[in-house]
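Shown next: target_10.txt, containing compact mmCIF, C-alpha atoms.
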```txt
# COMPACT_ATOMS: atom_id res chain seq x y z
CA MET M 1 0.00 0.00 0.00
CA GLN M 2 1.22 3.42 -0.95
CA LYS M 3 1.02 6.30 1.53
CA ASN M 4 0.55 9.92 0.47
CA VAL M 5 1.51 12.73 2.84
CA PHE M 6 1.01 16.32 1.69
CA TYR M 7 -0.43 19.74 2.46
CA GLU M 8 -3.84 20.49 1.04
CA ILE M 9 -4.08 24.25 0.52
CA GLU M 10 -7.66 25.12 -0.31
CA MET M 11 -10.41 27.68 -0.39
CA LYS M 12 -14.13 27.07 -0.68
CA ALA M 13 -17.16 29.01 -1.89
CA LEU M 14 -20.81 28.18 -1.39
CA ILE M 15 -22.60 28.16 -4.73
CA SER M 16 -26.15 27.68 -5.94
CA GLU M 17 -27.40 24.60 -7.74
CA ASP M 18 -27.59 26.66 -10.95
CA ILE M 19 -23.93 27.73 -10.69
CA TYR M 20 -22.98 24.13 -9.85
CA ASN M 21 -24.71 22.86 -13.01
CA HIS M 22 -23.21 25.67 -15.12
CA LEU M 23 -19.66 24.99 -13.90
CA ARG M 24 -20.04 21.22 -14.41
CA ARG M 25 -21.00 21.91 -18.03
CA GLU M 26 -18.49 24.66 -18.83
CA LEU M 27 -15.29 23.83 -16.95
CA PRO M 28 -14.51 20.60 -18.88
CA LEU M 29 -14.74 22.60 -22.12
CA LYS M 30 -11.93 24.92 -20.97
CA HIS M 31 -9.68 22.79 -18.74
CA PRO M 32 -8.55 19.13 -18.49
CA LYS M 33 -10.77 16.90 -16.37
CA VAL M 34 -8.96 15.13 -13.51
CA THR M 35 -11.81 12.99 -12.20
CA GLU M 36 -15.55 12.73 -11.83
CA GLU M 37 -16.93 10.54 -9.09
CA THR M 38 -19.35 10.05 -6.24
CA THR M 39 -17.83 9.36 -2.83
CA GLN M 40 -19.19 8.23 0.51
CA THR M 41 -17.30 9.46 3.56
CA LEU M 42 -17.50 8.62 7.24
CA ARG M 43 -15.52 10.86 9.62
CA PHE M 44 -14.47 9.81 13.12
CA ARG M 45 -13.63 12.06 16.06
CA PRO M 46 -11.98 13.28 18.25
CA HIS M 47 -9.54 13.67 15.35
CA ASP M 48 -10.36 14.07 11.66
CA ILE M 49 -10.05 10.45 10.55
CA ARG M 50 -12.05 9.48 7.48
CA LEU M 51 -12.95 6.37 5.57
CA ARG M 52 -13.92 7.05 1.97
CA SER M 53 -15.16 4.92 -0.89
CA SER M 54 -16.06 5.92 -4.42
CA ASP M 55 -18.05 4.65 -7.35
CA ASN M 56 -14.64 4.31 -9.08
CA ARG M 57 -13.90 1.42 -6.67
CA LYS M 58 -11.42 3.46 -4.67
CA TYR M 59 -11.18 2.90 -0.89
CA GLU M 60 -9.12 5.15 1.40
CA PHE M 61 -8.15 5.88 4.98
CA ILE M 62 -7.58 9.64 5.40
CA TYR M 63 -6.15 11.61 8.29
CA LYS M 64 -6.37 15.41 8.23
CA GLU M 65 -4.65 17.60 10.81
CA GLY M 66 -6.39 20.71 12.07
CA ASP M 67 -9.70 22.40 11.40
CA PRO M 68 -11.49 21.72 8.07
CA THR M 69 -11.88 25.45 7.44
CA THR M 70 -8.21 26.45 7.60
CA LEU M 71 -6.34 27.42 4.45
CA SER M 72 -3.76 24.65 4.80
CA ARG M 73 -3.88 21.23 6.42
CA ARG M 74 -1.49 18.31 6.45
CA GLU M 75 -3.17 15.23 5.04
CA ILE M 76 -2.27 11.56 4.90
CA ILE M 77 -4.09 9.21 2.52
CA VAL M 78 -3.60 5.46 2.66
CA PRO M 79 -5.29 3.44 -0.10
CA LEU M 80 -7.23 0.40 1.10
CA PRO M 81 -7.48 -2.74 -1.04
CA SER M 82 -11.24 -3.31 -0.83
CA GLN M 83 -14.65 -2.44 0.59
CA THR M 84 -14.09 -5.25 3.12
CA ALA M 85 -10.90 -3.56 4.36
CA LEU M 86 -12.82 -0.28 4.71
CA GLU M 87 -15.60 -2.01 6.69
CA ASN M 88 -12.99 -3.63 8.96
CA MET M 89 -11.46 -0.18 9.62
CA LYS M 90 -14.92 1.05 10.74
CA ILE M 91 -15.07 -1.79 13.25
CA ILE M 92 -11.56 -1.01 14.52
CA PHE M 93 -12.27 2.72 14.95
CA SER M 94 -15.52 2.01 16.81
CA SER M 95 -13.72 -0.53 19.03
CA LEU M 96 -11.09 2.09 19.86
CA GLY M 97 -13.80 4.52 21.01
CA PHE M 98 -13.74 6.89 18.04
CA LYS M 99 -17.14 8.50 17.46
CA PRO M 100 -18.52 8.77 13.91
CA ASP M 101 -20.06 11.93 12.49
CA PRO M 102 -22.99 11.50 10.14
CA PRO M 103 -21.77 10.10 6.81
CA TRP M 104 -22.02 12.16 3.64
CA THR M 105 -22.23 11.55 -0.09
CA LYS M 106 -20.39 13.88 -2.43
CA HIS M 107 -20.76 14.19 -6.20
CA LYS M 108 -17.68 15.91 -7.58
CA LEU M 109 -15.99 16.97 -10.77
CA GLU M 110 -12.30 17.93 -10.62
CA ILE M 111 -10.62 20.09 -13.25
CA LEU M 112 -6.94 21.05 -13.59
CA ARG M 113 -6.14 24.76 -13.95
CA GLY M 114 -2.77 26.46 -14.16
CA LEU M 115 -2.17 29.96 -12.82
CA ASN M 116 1.10 31.86 -12.32
CA GLY M 117 3.21 28.74 -12.80
CA PHE M 118 1.25 26.53 -10.38
CA ASN M 119 -1.38 23.83 -10.89
CA TYR M 120 -4.69 23.96 -9.05
CA ILE M 121 -7.59 21.56 -8.82
CA ILE M 122 -11.01 23.13 -9.22
CA CYS M 123 -13.59 20.87 -7.61
CA VAL M 124 -17.29 21.46 -8.19
CA GLN M 125 -19.22 19.42 -5.66
CA HIS M 126 -22.65 18.65 -4.36
CA ILE M 127 -22.69 17.22 -0.86
CA GLU M 128 -26.14 15.74 -0.46
CA ASN M 129 -28.32 17.42 2.19
CA PHE M 130 -25.52 19.92 2.89
CA ALA M 131 -24.40 22.29 0.13
CA TYR M 132 -23.13 22.97 -3.36
CA LEU M 133 -19.48 24.00 -3.18
CA LEU M 134 -16.70 25.28 -5.34
CA GLU M 135 -13.35 24.22 -3.90
CA VAL M 136 -9.99 25.27 -5.29
CA GLU M 137 -6.89 23.53 -3.98
CA HIS M 138 -3.17 23.15 -4.43
CA ILE M 139 -1.29 20.09 -3.18
CA SER M 140 2.19 20.78 -1.80
CA ASN M 141 4.97 19.00 0.08
CA LYS M 142 5.18 21.97 2.48
CA ASP M 143 2.85 24.58 3.92
CA ASP M 144 3.41 27.34 1.38
CA SER M 145 -0.19 28.51 1.62
CA GLN M 146 0.60 32.22 1.64
CA ILE M 147 2.06 31.91 -1.86
CA HIS M 148 -1.16 30.29 -3.09
CA ARG M 149 -3.77 32.38 -1.24
CA PRO M 150 -3.95 35.10 -3.95
CA ASN M 151 -4.22 32.51 -6.75
CA LEU M 152 -6.96 30.59 -4.94
CA GLU M 153 -8.92 33.81 -4.37
CA LYS M 154 -8.47 34.84 -8.02
CA ILE M 155 -9.70 31.53 -9.40
CA ILE M 156 -12.79 31.66 -7.18
CA THR M 157 -13.59 35.30 -7.94
CA ASP M 158 -12.94 34.82 -11.68
CA MET M 159 -15.82 32.35 -11.60
CA GLY M 160 -18.07 34.97 -9.99
CA CYS M 161 -17.96 33.38 -6.54
CA VAL M 162 -16.89 34.56 -3.09
CA PRO M 163 -14.75 32.50 -0.67
CA ILE M 164 -16.78 31.41 2.35
CA ASN M 165 -15.88 32.78 5.75
CA PRO M 166 -14.32 29.91 7.76
CA ARG M 167 -16.53 30.59 10.80
CA ASP M 168 -19.66 30.44 8.61
CA PHE M 169 -18.48 27.15 7.11
CA THR M 170 -17.75 25.67 10.55
CA ALA M 171 -21.25 26.66 11.70
CA ARG M 172 -22.74 25.00 8.62
CA ILE M 173 -20.75 21.78 9.28
CA ASN M 174 -21.87 21.72 12.92
CA GLU M 175 -25.50 22.24 11.87
CA TYR M 176 -25.23 19.33 9.40
CA ILE M 177 -23.81 17.06 12.11
CA LEU M 178 -26.54 18.05 14.58
CA ASN M 179 -29.35 17.61 12.02
CA ASN M 180 -28.03 14.25 10.76
CA ARG M 181 -26.92 12.63 14.00
CA GLN M 182 -29.65 9.97 13.59
CA ALA M 183 -27.87 8.62 10.47
CA VAL M 184 -24.97 7.51 12.69
CA LYS M 185 -27.23 5.52 15.01
CA GLU M 186 -28.90 3.56 12.21
```
What does the file become when written as structure tokens?
Amino acid sequence: MQKNVFYEIEMKALISEDIYNHLRRELPLKHPKVTEETTQTLRFRPHDIRLRSSDNRKYEFIYKEGDPTTLSRREIIVPLPSQTALENMKIIFSSLGFKPDPPWTKHKLEILRGLNGFNYIICVQHIENFAYLLEVEHISNKDDSQIHRPNLEKIITDMGCVPINPRDFTARINEYILNNRQAVKE
């Protein structure tokens, strides 16, 4: 199994369903498509430990350091060989006392865009029962987020969107968890 350790430097914007549909149609006409998939994610606390599967038959263990609304976070992704391995990880995390958040399903399209000598991933996503989002990210071996902040902002604003305030996004996440807590108990 290969391990990936990197810094995810990203900015998000809340978008409407109409903008989501427009960007899904238009972006692939202008930029290379990286991936298009639907993922299911289950996050465990007290840390940010995730188990993710996709309709592309991809299974992953993910650890993210820090708050999900910060500009830069260190991330570790470990591919898992199968759905069975992912299910076994759920059992292990529960046995260790980790508490799951409500799971979520994300439909996403990722596009590659260059700007000022750097590559960025534009991700248009619909997280069911949560939000439509535009996420722009750069993957780096170090936390060089201040170099990328202006480029991230430019890409988002060039698409007519506004980066979401991290406090507002945290409040929205907490509201989703509170409103969907029953899904964890089922």
Could I get the residues of segment 81-129 of chain M with an atom no further than 8 Å from an atom of segment 29-44 of chain M, each paired with its nearest atom pair and that distance in Å to one decimal, using only C-alpha atoms, sorted by chain and residue number, as JSON lines?
```
{"residue": "M:Phe93", "atom": "CA", "partner": "M:Phe44", "partner_atom": "CA", "distance": 7.6}
{"residue": "M:Phe98", "atom": "CA", "partner": "M:Phe44", "partner_atom": "CA", "distance": 5.8}
{"residue": "M:Lys99", "atom": "CA", "partner": "M:Phe44", "partner_atom": "CA", "distance": 5.3}
{"residue": "M:Pro100", "atom": "CA", "partner": "M:Phe44", "partner_atom": "CA", "distance": 4.3}
{"residue": "M:Asp101", "atom": "CA", "partner": "M:Arg43", "partner_atom": "CA", "distance": 5.5}
{"residue": "M:Pro102", "atom": "CA", "partner": "M:Leu42", "partner_atom": "CA", "distance": 6.8}
{"residue": "M:Pro103", "atom": "CA", "partner": "M:Leu42", "partner_atom": "CA", "distance": 4.5}
{"residue": "M:Trp104", "atom": "CA", "partner": "M:Thr41", "partner_atom": "CA", "distance": 5.4}
{"residue": "M:Thr105", "atom": "CA", "partner": "M:Gln40", "partner_atom": "CA", "distance": 4.5}
{"residue": "M:Lys106", "atom": "CA", "partner": "M:Thr39", "partner_atom": "CA", "distance": 5.2}
{"residue": "M:His107", "atom": "CA", "partner": "M:Thr38", "partner_atom": "CA", "distance": 4.4}
{"residue": "M:Lys108", "atom": "CA", "partner": "M:Glu37", "partner_atom": "CA", "distance": 5.6}
{"residue": "M:Leu109", "atom": "CA", "partner": "M:Glu36", "partner_atom": "CA", "distance": 4.4}
{"residue": "M:Glu110", "atom": "CA", "partner": "M:Thr35", "partner_atom": "CA", "distance": 5.2}
{"residue": "M:Ile111", "atom": "CA", "partner": "M:Lys33", "partner_atom": "CA", "distance": 4.5}
{"residue": "M:Leu112", "atom": "CA", "partner": "M:Pro32", "partner_atom": "CA", "distance": 5.5}
{"residue": "M:Arg113", "atom": "CA", "partner": "M:His31", "partner_atom": "CA", "distance": 6.3}
```
message: When you look at Leu14 of chain M with a cut-off of 10 Å (counting only C-alpha atoms), what residues show up, excluding the ones that are within fewer than 6 positions of it in the same chain? I need them as a list in words.
response: Tyr20, Gln125, Ala131, Tyr132, Leu133, Leu134, Glu135, Cys161, Val162, Pro163, Ile164, Asn165 and Phe169 of chain M
task: Work out how far apart atom CA of Leu51 of chain M and atom CA of Arg74 of chain M are and give it in Å to one decimal.
output: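 One can read the atom CA of Leu51 of chain M to atom CA of Arg74 of chain M distance as 16.6 Å.
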field: Nearest candidate to Arg73 of chain M (options M:Leu152, M:Ile139, M:Ile9, M:Ile177; using all atoms listed in the file)
entry: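 Ranked by minimum distance to Arg73 of chain M, first place goes to M:Ile9.
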- request: Counting all atoms listed in the file, figure out which residue out of M:Ser53, M:Ser145, M:Asn119, M:Ser95 gets nearest to Met11 of chain M.
  value: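 Between M:Ser53, M:Ser145, M:Asn119, M:Ser95, the residue approaching Met11 of chain M most closely is M:Ser145.
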- prompt: Taking only C-alpha atoms into account, which of M:Asn180, M:Asn174, M:Ser72, M:Asn56 comes nearest Phe6 of chain M?
  reply: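 Residue with the minimum atom-to-atom distance to Phe6 of chain M: M:Ser72.
Atom CA of His138 of chain M to atom CA of Met89 of chain M spans 28.5 Å [interatomic distance, one decimal].
You can rank M:Ser94, M:Asn151, M:Ser140, M:Thr69 by their closest distance to Ile122 of chain M using all atoms listed in the file, and at the top of that list sits M:Asn151.
From atom CA of Met159 of chain M back to atom CA of Arg25 of chain M, the distance works out to 13.3 Å.
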field: Nearest candidate to Arg50 of chain M (options M:Glu10, M:Glu65, M:Glu137, M:Asp144; using only C-alpha atoms)
entry: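 Among the listed residues, M:Glu65 lies closest to Arg50 of chain M.
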message: With all atoms listed in the file as the counted atoms, please give the residues lying no more than 12 Å from Arg57 of chain M, apart from itself and same-chain residues fewer than 2 positions off, as a VMD selection string.
response: chain M and resid 37 to 40 52 to 55 59 to 60 79 to 84 86
- request: Have a look at M:Lys58, M:Asn4, M:Pro68, M:Gly97 and name the one nearest to Ala85 of chain M; count all atoms listed in the file.
  value: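 Selected residue with least distance to Ala85 of chain M: M:Lys58.
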- request: Considering all atoms listed in the file, return as a list in words whatever protein or nucleic-acid residues lie within 9 Å of Ile173 of chain M, sequence-local ones (same chain, fewer than 5 positions apart) excluded.
  value: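 Here the answer would be Phe130, Asp168 and Leu178 of chain M.
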